[in-house]
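Below is the file model_26.txt, which contains compact mmCIF, C-alpha atoms.
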```
# COMPACT_ATOMS: atom_id res chain seq x y z
CA MET A 1 73.11 -77.63 2.59
CA THR A 2 74.44 -75.05 5.00
CA ARG A 3 77.62 -75.50 6.96
CA HIS A 4 77.15 -75.90 10.73
CA SER A 5 78.74 -72.49 11.36
CA ASP A 6 75.85 -70.97 9.36
CA SER A 7 73.26 -72.80 11.49
CA TYR A 8 71.70 -72.06 14.83
CA ARG A 9 73.14 -73.95 17.76
CA THR A 10 71.13 -76.78 19.26
CA PRO A 11 69.86 -74.76 22.28
CA ALA A 12 68.53 -72.04 19.94
CA ARG A 13 66.84 -74.68 17.80
CA LEU A 14 65.25 -76.32 20.83
CA PHE A 15 64.01 -72.98 22.18
CA HIS A 16 62.61 -72.11 18.76
CA TRP A 17 60.70 -75.33 18.23
CA LEU A 18 59.52 -75.76 21.82
CA ILE A 19 58.10 -72.24 21.90
CA ALA A 20 56.75 -72.56 18.35
CA VAL A 21 54.80 -75.72 19.19
CA ALA A 22 53.42 -74.19 22.40
CA VAL A 23 52.37 -70.97 20.66
CA LEU A 24 50.82 -72.85 17.73
CA LEU A 25 48.78 -74.89 20.22
CA MET A 26 47.82 -71.84 22.28
CA ILE A 27 46.47 -69.84 19.33
CA PRO A 28 43.56 -72.17 18.49
CA ALA A 29 42.94 -72.78 22.20
CA GLY A 30 42.70 -69.03 22.78
CA LEU A 31 40.42 -68.49 19.79
CA ILE A 32 38.12 -71.40 20.63
CA MET A 33 37.86 -70.91 24.40
CA THR A 34 36.28 -67.48 24.04
CA GLN A 35 33.56 -68.58 21.62
CA LYS A 36 29.97 -68.63 22.76
CA GLY A 37 28.13 -71.93 22.77
CA ILE A 38 31.01 -74.35 23.27
CA ALA A 39 30.60 -77.04 25.89
CA ARG A 40 31.66 -75.85 29.35
CA PRO A 41 34.03 -78.79 30.02
CA LEU A 42 35.88 -78.06 26.75
CA GLN A 43 35.97 -74.34 27.50
CA ASP A 44 37.33 -74.97 31.02
CA ALA A 45 40.01 -77.33 29.68
CA LEU A 46 41.08 -74.79 27.05
CA PHE A 47 41.25 -71.97 29.63
CA LEU A 48 43.33 -74.17 31.95
CA PHE A 49 45.70 -75.10 29.15
CA HIS A 50 45.99 -71.55 27.78
CA LYS A 51 46.58 -69.80 31.12
CA ASN A 52 49.03 -72.33 32.49
CA MET A 53 50.98 -72.72 29.25
CA GLY A 54 51.29 -68.93 29.16
CA VAL A 55 52.85 -69.04 32.62
CA ILE A 56 55.28 -71.74 31.49
CA LEU A 57 56.19 -69.76 28.39
CA ILE A 58 57.23 -66.62 30.29
CA PRO A 59 60.50 -68.07 31.68
CA LEU A 60 61.14 -70.05 28.47
CA ILE A 61 60.85 -66.90 26.37
CA LEU A 62 63.07 -64.96 28.78
CA LEU A 63 65.68 -67.73 28.65
CA ARG A 64 65.46 -67.74 24.88
CA LEU A 65 66.01 -63.98 24.76
CA ILE A 66 69.00 -64.22 27.09
CA TYR A 67 70.44 -67.02 24.99
CA ARG A 68 69.87 -65.03 21.79
CA LEU A 69 71.61 -61.97 23.24
CA ARG A 70 74.63 -64.10 24.18
CA HIS A 71 74.57 -66.10 20.91
CA PRO A 72 73.58 -63.93 17.93
CA ALA A 73 71.86 -65.48 14.94
CA PRO A 74 74.18 -66.85 12.28
CA PRO A 75 74.49 -64.68 9.18
CA LEU A 76 71.99 -65.16 6.40
CA PRO A 77 73.36 -66.54 3.12
CA SER A 78 74.84 -63.86 0.86
CA SER A 79 72.17 -64.68 -1.76
CA ILE A 80 69.47 -63.06 0.41
CA PRO A 81 68.59 -59.57 -0.91
CA ASP A 82 68.98 -56.61 1.46
CA TRP A 83 65.22 -55.97 1.62
CA GLN A 84 64.67 -59.55 2.80
CA ARG A 85 67.40 -59.19 5.41
CA SER A 86 65.68 -56.05 6.69
CA ALA A 87 62.26 -57.72 6.64
CA ALA A 88 63.65 -60.74 8.51
CA SER A 89 65.27 -58.51 11.14
CA VAL A 90 62.12 -56.45 11.71
CA SER A 91 59.83 -59.47 11.78
CA HIS A 92 62.04 -61.35 14.24
CA ARG A 93 62.19 -58.35 16.56
CA LEU A 94 58.40 -58.01 16.39
CA LEU A 95 57.99 -61.73 17.08
CA TYR A 96 60.14 -61.43 20.20
CA LEU A 97 58.20 -58.36 21.32
CA LEU A 98 54.86 -60.10 20.84
CA LEU A 99 56.13 -63.23 22.58
CA ILE A 100 56.78 -61.03 25.61
CA VAL A 101 53.59 -58.96 25.38
CA MET A 102 51.25 -61.94 24.97
CA PRO A 103 51.92 -63.88 28.19
CA ILE A 104 52.36 -60.73 30.29
CA SER A 105 49.12 -59.15 29.05
CA GLY A 106 47.37 -62.50 29.54
CA PHE A 107 48.70 -62.75 33.08
CA VAL A 108 47.58 -59.19 33.88
CA ARG A 109 44.15 -59.82 32.34
CA VAL A 110 43.60 -62.98 34.39
CA ARG A 111 44.97 -61.75 37.72
CA ALA A 112 43.44 -58.25 37.51
CA GLY A 113 40.19 -59.96 36.54
CA GLY A 114 40.33 -61.92 39.79
CA PHE A 115 40.72 -65.30 38.10
CA PRO A 116 43.02 -68.13 39.16
CA ILE A 117 46.13 -69.35 37.42
CA GLU A 118 46.11 -72.86 38.73
CA LEU A 119 49.79 -73.63 38.28
CA LEU A 120 50.89 -70.52 40.15
CA ASP A 121 48.21 -70.97 42.80
CA ARG A 122 49.31 -74.55 43.39
CA LEU A 123 52.91 -73.33 43.80
CA GLY A 124 51.74 -70.74 46.33
CA VAL A 125 52.61 -67.79 44.12
CA GLY A 126 50.39 -64.87 45.04
CA PRO A 127 48.26 -62.98 42.55
CA TRP A 128 50.71 -60.02 42.51
CA LEU A 129 47.89 -57.77 41.25
CA ALA A 130 44.80 -56.43 42.94
CA LYS A 131 41.50 -56.98 41.20
CA SER A 132 40.88 -54.14 38.78
CA ASP A 133 38.26 -54.30 36.06
CA ALA A 134 39.82 -51.34 34.24
CA LEU A 135 43.27 -52.95 34.20
CA ALA A 136 41.81 -56.33 33.25
CA ASP A 137 39.89 -54.77 30.35
CA ALA A 138 42.96 -52.88 29.11
CA ALA A 139 45.08 -56.03 29.30
CA LYS A 140 42.34 -58.00 27.53
CA GLY A 141 42.33 -55.48 24.68
CA LEU A 142 46.11 -55.53 24.41
CA HIS A 143 46.16 -59.35 24.55
CA TYR A 144 43.62 -59.56 21.73
CA ALA A 145 45.34 -56.96 19.51
CA ALA A 146 48.78 -58.49 20.11
CA GLY A 147 47.31 -61.94 19.43
CA MET A 148 45.95 -60.86 16.05
CA ALA A 149 49.29 -59.23 15.21
CA LEU A 150 51.10 -62.40 16.29
CA ILE A 151 48.88 -64.57 14.08
CA ALA A 152 49.57 -62.31 11.08
CA LEU A 153 53.30 -62.20 11.77
CA LEU A 154 53.47 -65.97 12.27
CA ALA A 155 51.70 -66.49 8.94
CA LEU A 156 54.35 -64.31 7.31
CA HIS A 157 57.16 -66.09 9.17
CA ILE A 158 55.89 -69.57 8.27
CA GLY A 159 55.28 -68.51 4.68
CA ALA A 160 58.84 -67.18 4.40
CA ALA A 161 60.24 -70.35 5.98
CA LEU A 162 58.31 -72.52 3.52
CA GLN A 163 59.44 -70.35 0.63
CA HIS A 164 63.08 -70.75 1.67
CA GLY A 165 62.74 -74.47 2.42
CA LEU A 166 60.58 -75.64 -0.47
CA ILE A 167 61.06 -73.15 -3.29
CA ARG A 168 64.41 -71.40 -2.97
CA ARG A 169 66.16 -74.23 -1.10
CA ASP A 170 68.83 -71.73 -0.12
CA GLY A 171 69.80 -73.19 3.26
CA VAL A 172 67.79 -70.75 5.39
CA TRP A 173 65.39 -73.50 6.55
CA ALA A 174 68.29 -75.84 7.34
CA ARG A 175 69.70 -73.24 9.75
CA ILE A 176 66.90 -74.01 12.25
CA TRP A 177 65.80 -77.55 11.29
CA PRO A 178 66.05 -80.19 12.69
CA PRO A 179 65.51 -79.11 16.31
CA VAL A 180 68.58 -81.10 17.39
CA ARG A 181 71.55 -80.72 15.07
CA PRO A 182 73.07 -84.08 14.19
CA ARG A 183 76.67 -84.53 15.32
CA SER A 184 79.21 -84.52 12.54
```
Spit out the file's structure as structure tokens when you get a sec.
Amino acid sequence: MTRHSDSYRTPARLFHWLIAVAVLLMIPAGLIMTQKGIARPLQDALFLFHKNMGVILIPLILLRLIYRLRHPAPPLPSSIPDWQRSAASVSHRLLYLLLIVMPISGFVRVRAGGFPIELLDRLGVGPWLAKSDALADAAKGLHYAAGMALIALLALHIGAALQHGLIRRDGVWARIWPPVRPRS
């Protein structure tokens, strides 16, 4: 078991798991909602969920990044080889980048496409972007490519977490789980 000083603080854990759950729900919603032949009510519900959750994630991700900059990650155990440290650093940076690119490209795709974002519309937040098919298409392409990259990177991240938690049992998993650190 890791010492608490080697673990993430509770706010970092909560940000991690809250965003993880939202993203892991948004991925299948995003993949299903664009399929041909699904029932319109289901498609509408998935679009509503996906767009509005993306809007909610933008400030959460920004807050998480600010928190991370002010509270660096605890050091990895000394048993972790250098190549794994490098891989973890690169993959985490890419995850953060994709977590920024995804909701922003989705927002641009929707607003430049002339579509509503119900949560923002209800709050009276303007579209901020003029309708532009070219911009909407570019954002759609970026959103798709970044989404596929995110899926691949998340598979790697989850696989590494499972390897550390179930096979190596080296304390890396315990750094982030449970979402709320028990008081000692």
Problem set entry | Residues within 6 Å of segment 18-32 of chain A, all atoms listed in the file, excluding chain neighbours under 4 positions, as a list in words | Leu14, Leu46 and His50 of chain A
Problem set entry | Between atom CA of Leu135 of chain A and atom CA of Glu118 of chain A - distance in Å to one decimal | 20.6 Å
Problem set entry | Pairwise distance for atom CA of Ser86 of chain A and atom CA of Gly141 of chain A, rounded to one decimal in Å | 29.5 Å
For segment 156-165 of chain A, I'd like the enclosing box, axis-aligned and padded by 8 Å on every side, reported as lines of an AutoDock Vina configuration file with centre and edge lengths in Å to one decimal.
```
center_x = 58.7
center_y = -69.4
center_z = 4.9
size_x = 24.7
size_y = 26.2
size_z = 24.5
```
Exercise. Do you know which residues are at most 8 Å from Phe107 of chain A counting only C-alpha atoms, after dropping those on the same chain fewer than 2 positions away, and could you put them as a ChimeraX atom specification?
Worked result: /A:51,54-55,103-105,109-111
Using C-alpha atoms, can you export the residues from the last selection as a tab-separated table (two decimals), in the coordinates of the input?
```tsv
chain	number	residue	atom	x	y	z
A	51	LYS	CA	46.58	-69.80	31.12
A	54	GLY	CA	51.29	-68.93	29.16
A	55	VAL	CA	52.85	-69.04	32.62
A	103	PRO	CA	51.92	-63.88	28.19
A	104	ILE	CA	52.36	-60.73	30.29
A	105	SER	CA	49.12	-59.15	29.05
A	109	ARG	CA	44.15	-59.82	32.34
A	110	VAL	CA	43.60	-62.98	34.39
A	111	ARG	CA	44.97	-61.75	37.72
```
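For the atom pair formed by atom CA of Ser78 of chain A and atom CA of Leu94 of chain A, the distance is 23.4 Å, given to one decimal.
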Distance table requested - segment 78-107 of chain A against segment 147-169 of chain A, cut-off 9 Å, only C-alpha atoms: one row per qualifying residue with the closest atom pair and its distance in Å to one decimal, ordered by chain and rising residue number, as JSON lines.
```
{"residue": "A:Ala88", "atom": "CA", "partner": "A:His157", "partner_atom": "CA", "distance": 8.4}
{"residue": "A:Ser91", "atom": "CA", "partner": "A:Leu153", "partner_atom": "CA", "distance": 7.1}
{"residue": "A:His92", "atom": "CA", "partner": "A:His157", "partner_atom": "CA", "distance": 8.5}
{"residue": "A:Leu94", "atom": "CA", "partner": "A:Leu153", "partner_atom": "CA", "distance": 8.1}
{"residue": "A:Leu95", "atom": "CA", "partner": "A:Leu150", "partner_atom": "CA", "distance": 7.0}
{"residue": "A:Leu98", "atom": "CA", "partner": "A:Leu150", "partner_atom": "CA", "distance": 6.3}
{"residue": "A:Leu99", "atom": "CA", "partner": "A:Leu150", "partner_atom": "CA", "distance": 8.1}
{"residue": "A:Met102", "atom": "CA", "partner": "A:Gly147", "partner_atom": "CA", "distance": 6.8}
```
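Counting all atoms listed in the file and comparing A:Tyr96, A:Tyr8, A:Trp17, A:Trp128, the residue that lies closest to Ile66 of chain A is A:Tyr96.
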Extract, using all atoms listed in the file, all DNA, RNA and protein residues at most 10 Å from Gly114 of chain A, discarding same-chain residues fewer than 5 positions from it, and format them as a CSV table (one decimal) with C-alpha atoms, keeping the file's coordinate frame.
```
chain,number,residue,atom,x,y,z
A,108,VAL,CA,47.6,-59.2,33.9
A,109,ARG,CA,44.2,-59.8,32.3
A,127,PRO,CA,48.3,-63.0,42.6
A,129,LEU,CA,47.9,-57.8,41.2
A,130,ALA,CA,44.8,-56.4,42.9
A,131,LYS,CA,41.5,-57.0,41.2
A,132,SER,CA,40.9,-54.1,38.8
A,133,ASP,CA,38.3,-54.3,36.1
A,136,ALA,CA,41.8,-56.3,33.2
```
Problem set entry | Contacts of Pro72 of chain A within 12 Å, all atoms listed in the file, excl. fewer than 2 positions in-chain, as a list of chain:residue names |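 Once the adjacent positions are removed, what remains is A:Ser5, A:Asp6, A:Ser7, A:Tyr8, A:Arg9, A:Ala12, A:Arg64, A:Leu65, A:Ile66, A:Tyr67, A:Arg68, A:Leu69, A:Arg70, A:Pro74, A:Pro75, A:Leu76.
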Convert the current residue selection to file output with C-alpha atoms, as a PDB file, keeping the file's coordinate frame.
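Here's the written file part-v3.pdb:
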```pdb
ATOM      1  CA  SER A   5      78.740 -72.490  11.360  1.00  0.00           C
ATOM      2  CA  ASP A   6      75.850 -70.970   9.360  1.00  0.00           C
ATOM      3  CA  SER A   7      73.260 -72.800  11.490  1.00  0.00           C
ATOM      4  CA  TYR A   8      71.700 -72.060  14.830  1.00  0.00           C
ATOM      5  CA  ARG A   9      73.140 -73.950  17.760  1.00  0.00           C
ATOM      6  CA  ALA A  12      68.530 -72.040  19.940  1.00  0.00           C
ATOM      7  CA  ARG A  64      65.460 -67.740  24.880  1.00  0.00           C
ATOM      8  CA  LEU A  65      66.010 -63.980  24.760  1.00  0.00           C
ATOM      9  CA  ILE A  66      69.000 -64.220  27.090  1.00  0.00           C
ATOM     10  CA  TYR A  67      70.440 -67.020  24.990  1.00  0.00           C
ATOM     11  CA  ARG A  68      69.870 -65.030  21.790  1.00  0.00           C
ATOM     12  CA  LEU A  69      71.610 -61.970  23.240  1.00  0.00           C
ATOM     13  CA  ARG A  70      74.630 -64.100  24.180  1.00  0.00           C
ATOM     14  CA  PRO A  74      74.180 -66.850  12.280  1.00  0.00           C
ATOM     15  CA  PRO A  75      74.490 -64.680   9.180  1.00  0.00           C
ATOM     16  CA  LEU A  76      71.990 -65.160   6.400  1.00  0.00           C
TER      17      LEU A  76
END
```
Problem set entry | Selected residue, from A:Leu48, A:Met53, A:Leu63, A:Ile38, that lies nearest to Phe115 of chain A when counting all atoms listed in the file | A:Leu48
For this session: Give the answer as one residue: which of A:Lys36, A:Pro41, A:Asn52, A:Ala87 has the shortest atom-to-atom distance to Pro116 of chain A, using only C-alpha atoms?
Result: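 Looking at the shortest contact to Pro116 of chain A, the residue is A:Asn52.
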